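Visitor: Dumping the structure here so I can ask a few things about it.
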Amino acid sequence: MERDTHFILGVYEDEDVLLHAVEEVRSSGVKIHEVYTPYPIHGLEHVLGYKRSRLPIAAFLFGMLGTTLALTMQFYMMRFDWPMIIGGKDFAAFPDFIPVTFELTVLLAAFGMVGVFMISSNLKPWAQPRIFDVRSTDDKHIMAIDIANNSALEVDKIKEILKSSGATEVNNKSFEE
């Protein structure tokens, strides 16, 4: 069976039930593909076992790139390209460089984080989103389990685990490419 094409969906009404269900399902050996909720749930990423995001590292590196580019650009322009003596100050008057440096640091850090986030989340402008259940944007919490990732367990056993963990509905969902 192909990965990312056939799923079992557990539908939950309450976020507390969902948090306990994720713990139960993971402890029973089922690998969860993803959990979709209509709003952020505090602690869900910890219960799912997600590692800390490396996005702050990317933000720092893009910010340092912005700082370096801003200082290099200003120093080059004031020293070599179009040297000007302003107010009797030296060509490399770093206090004058602070506003432009700050703005380029923030700009490149922000654009870099957006780009890295979109790449790491596989958000492409031309991609069609997979909607597992339209109610996940309204009032239901959806736990999606990829059947191919859980080949050691039978489908009926996974459905039974979801029902016993508090799912109000258990459905099958297939995506044909």
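Labels used: A, B, ... for chains in the order of the structure tokens, numbers from 1 for residues in each chain, and numbers from 1 for ligands as shown.
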Per residue of region 49-72 of chain A within 9 Å of region 99-108 of chain A, note the shortest atom pair and the distance in Å to one decimal, counting only C-alpha atoms, and order the rows by chain and increasing residue number, as a tab-separated table.

Guide:
```
residue	atom	partner	partner_atom	distance
A:Ala59	CA	A:Leu108	CA	8.5
A:Phe62	CA	A:Leu108	CA	5.7
A:Gly63	CA	A:Thr105	CA	4.7
A:Met64	CA	A:Thr105	CA	6.8
A:Leu65	CA	A:Thr105	CA	7.3
A:Gly66	CA	A:Thr105	CA	4.2
A:Thr67	CA	A:Thr105	CA	5.0
A:Thr68	CA	A:Thr101	CA	8.3
A:Leu69	CA	A:Leu104	CA	7.9
A:Ala70	CA	A:Thr101	CA	5.0
A:Leu71	CA	A:Thr101	CA	6.3
```

Visitor: With 10 Å as the cut-off and only C-alpha atoms counted, what is the closest atom pair between each nearby residue of region 57-162 of chain A and region 172-176 of chain A? Distances in Å to one decimal, ordered by chain and number, as a tab-separated table.

Guide:
```
residue	atom	partner	partner_atom	distance
A:Arg130	CA	A:Phe175	CA	8.1
A:Ile131	CA	A:Phe175	CA	9.6
A:Phe132	CA	A:Lys173	CA	7.0
A:Asp133	CA	A:Lys173	CA	8.8
A:Ala144	CA	A:Lys173	CA	9.0
A:Ile145	CA	A:Asn172	CA	9.6
A:Asp146	CA	A:Lys173	CA	9.6
A:Ile147	CA	A:Asn172	CA	9.7
A:Val155	CA	A:Asn172	CA	9.8
A:Lys159	CA	A:Asn172	CA	9.6
```

Visitor: Near Asn171 (chain A), within 9 Å and counting only C-alpha atoms, which residues show up once chain neighbours fewer than 3 positions away are dropped, as a list in words?

Guide: Phe7, Ile8, Leu9, Gly10, Val11 and Lys159 of chain A

Visitor: Just all heavy atoms for this one: save the residues we selected as a JSON list (two decimals), in the first residue's frame.

Guide:
```json
[["chain", "number", "residue", "atom", "x", "y", "z"],
["A", 7, "PHE", "N", -5.93, 6.60, 4.63],
["A", 7, "PHE", "CA", -5.89, 7.02, 6.02],
["A", 7, "PHE", "C", -7.11, 6.54, 6.78],
["A", 7, "PHE", "O", -8.18, 6.32, 6.20],
["A", 7, "PHE", "CB", -5.84, 8.56, 6.12],
["A", 7, "PHE", "CG", -4.60, 9.16, 5.54],
["A", 7, "PHE", "CD1", -4.55, 9.53, 4.21],
["A", 7, "PHE", "CD2", -3.48, 9.35, 6.32],
["A", 7, "PHE", "CE1", -3.41, 10.08, 3.66],
["A", 7, "PHE", "CE2", -2.34, 9.91, 5.79],
["A", 7, "PHE", "CZ", -2.30, 10.27, 4.46],
["A", 8, "ILE", "N", -6.94, 6.41, 8.09],
["A", 8, "ILE", "CA", -8.05, 6.21, 9.01],
["A", 8, "ILE", "C", -8.15, 7.49, 9.82],
["A", 8, "ILE", "O", -7.14, 7.98, 10.34],
["A", 8, "ILE", "CB", -7.80, 5.01, 9.95],
["A", 8, "ILE", "CG1", -7.63, 3.73, 9.14],
["A", 8, "ILE", "CG2", -8.94, 4.88, 10.94],
["A", 8, "ILE", "CD1", -7.20, 2.55, 9.97],
["A", 9, "LEU", "N", -9.36, 8.05, 9.91],
["A", 9, "LEU", "CA", -9.56, 9.31, 10.61],
["A", 9, "LEU", "C", -10.37, 9.08, 11.88],
["A", 9, "LEU", "O", -11.44, 8.46, 11.82],
["A", 9, "LEU", "CB", -10.31, 10.31, 9.73],
["A", 9, "LEU", "CG", -9.71, 10.61, 8.37],
["A", 9, "LEU", "CD1", -10.59, 11.59, 7.63],
["A", 9, "LEU", "CD2", -8.31, 11.15, 8.50],
["A", 10, "GLY", "N", -9.87, 9.57, 12.99],
["A", 10, "GLY", "CA", -10.64, 9.58, 14.23],
["A", 10, "GLY", "C", -11.13, 10.99, 14.47],
["A", 10, "GLY", "O", -10.34, 11.94, 14.45],
["A", 11, "VAL", "N", -12.43, 11.16, 14.67],
["A", 11, "VAL", "CA", -13.03, 12.47, 14.87],
["A", 11, "VAL", "C", -13.35, 12.63, 16.36],
["A", 11, "VAL", "O", -14.02, 11.79, 16.95],
["A", 11, "VAL", "CB", -14.32, 12.62, 14.03],
["A", 11, "VAL", "CG1", -14.93, 14.00, 14.22],
["A", 11, "VAL", "CG2", -14.02, 12.37, 12.56],
["A", 159, "LYS", "N", -8.97, 0.93, 14.23],
["A", 159, "LYS", "CA", -10.28, 1.54, 14.43],
["A", 159, "LYS", "C", -10.80, 1.31, 15.84],
["A", 159, "LYS", "O", -11.38, 2.20, 16.46],
["A", 159, "LYS", "CB", -11.27, 1.01, 13.39],
["A", 159, "LYS", "CG", -11.03, 1.51, 12.00],
["A", 159, "LYS", "CD", -12.07, 0.99, 11.04],
["A", 159, "LYS", "CE", -11.86, 1.55, 9.64],
["A", 159, "LYS", "NZ", -12.89, 1.10, 8.71]]
```

Visitor: Kindly indicate which residue among A:Glu160, A:Ala21, A:Leu55, A:Leu153 lies nearest to Met118 (chain A), using only C-alpha atoms for the distances.

Guide: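 The closest residue to Met118 (chain A) is A:Leu55.
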
Visitor: Could you give me, as a list in words, each residue of chain A that DSSP assigns to strand (DSSP E) when run on this structure's backbone?

Guide: His6, Phe7, Ile8, Leu9, Gly10, Val11, Tyr12, Glu34, Val35, Tyr36, His141, Ile142, Met143, Ala144, Ile145, Asp146, Glu169, Val170, Asn171, Asn172, Lys173 and Ser174 of chain A

Visitor: Using DSSP on the backbone, list every residue of region 4-134 of chain A that comes out as alpha helix (DSSP H), and give them as a PyMOL selection string.

Guide: chain A and resi 15-27+44-48+55-76+94-120

Visitor: Which residues of region 70-121 of chain A sit at most 12 Å from region 42-54 of chain A, using only C-alpha atoms? Give each one's shortest atom pair and distance in Å (one decimal place), in chain and ascending residue order, as a Markdown table.

Guide:
```
| residue | atom | partner | partner_atom | distance |
| --- | --- | --- | --- | --- |
| A:Met113 | CA | A:Arg54 | CA | 10.3 |
| A:Val116 | CA | A:Arg54 | CA | 9.9 |
| A:Phe117 | CA | A:Arg54 | CA | 9.9 |
| A:Ser120 | CA | A:Arg54 | CA | 10.3 |
| A:Ser121 | CA | A:Ser53 | CA | 11.7 |
```

Visitor: Work out how far apart CA of Arg79 (chain A) and CA of Phe91 (chain A) are and give it in Å to one decimal.

Guide: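 Result for CA of Arg79 (chain A) versus CA of Phe91 (chain A): 5.6 Å, one decimal.
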
Visitor: Can you work out which one of A:Pro83, A:Arg135, A:Glu154, A:Met143 has the shortest atom-to-atom distance to Glu23 (chain A), counting only C-alpha atoms?

Guide: A:Met143

Visitor: Mind pulling up the distance from CA of Asn149 (chain A) to CA of Ser27 (chain A)?

Guide: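 That distance, rounded to one decimal, is 15.5 Å.
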
Visitor: In terms of the shortest atom-to-atom distance over only C-alpha atoms, which of A:Ile85, A:Ser28, A:Val17, A:Ala167 is closest to Asn150 (chain A)?

Guide: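 Checking each of A:Ile85, A:Ser28, A:Val17, A:Ala167 against Asn150 (chain A), counting only C-alpha atoms, the winner is A:Ser28.
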
Visitor: Quick one: of A:Met84, A:Lys124, A:Ala109, A:Ile142, who's nearest to Glu169 (chain A), counting only C-alpha atoms?

Guide: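 Going through A:Met84, A:Lys124, A:Ala109, A:Ile142 one by one, the smallest distance to Glu169 (chain A) is for A:Ile142.
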
Visitor: Using Å and a single decimal, report how far CA of Lys31 (chain A) sits from CA of Ser151 (chain A).

Guide: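 Computing it gives 10.0 Å between the two atoms.
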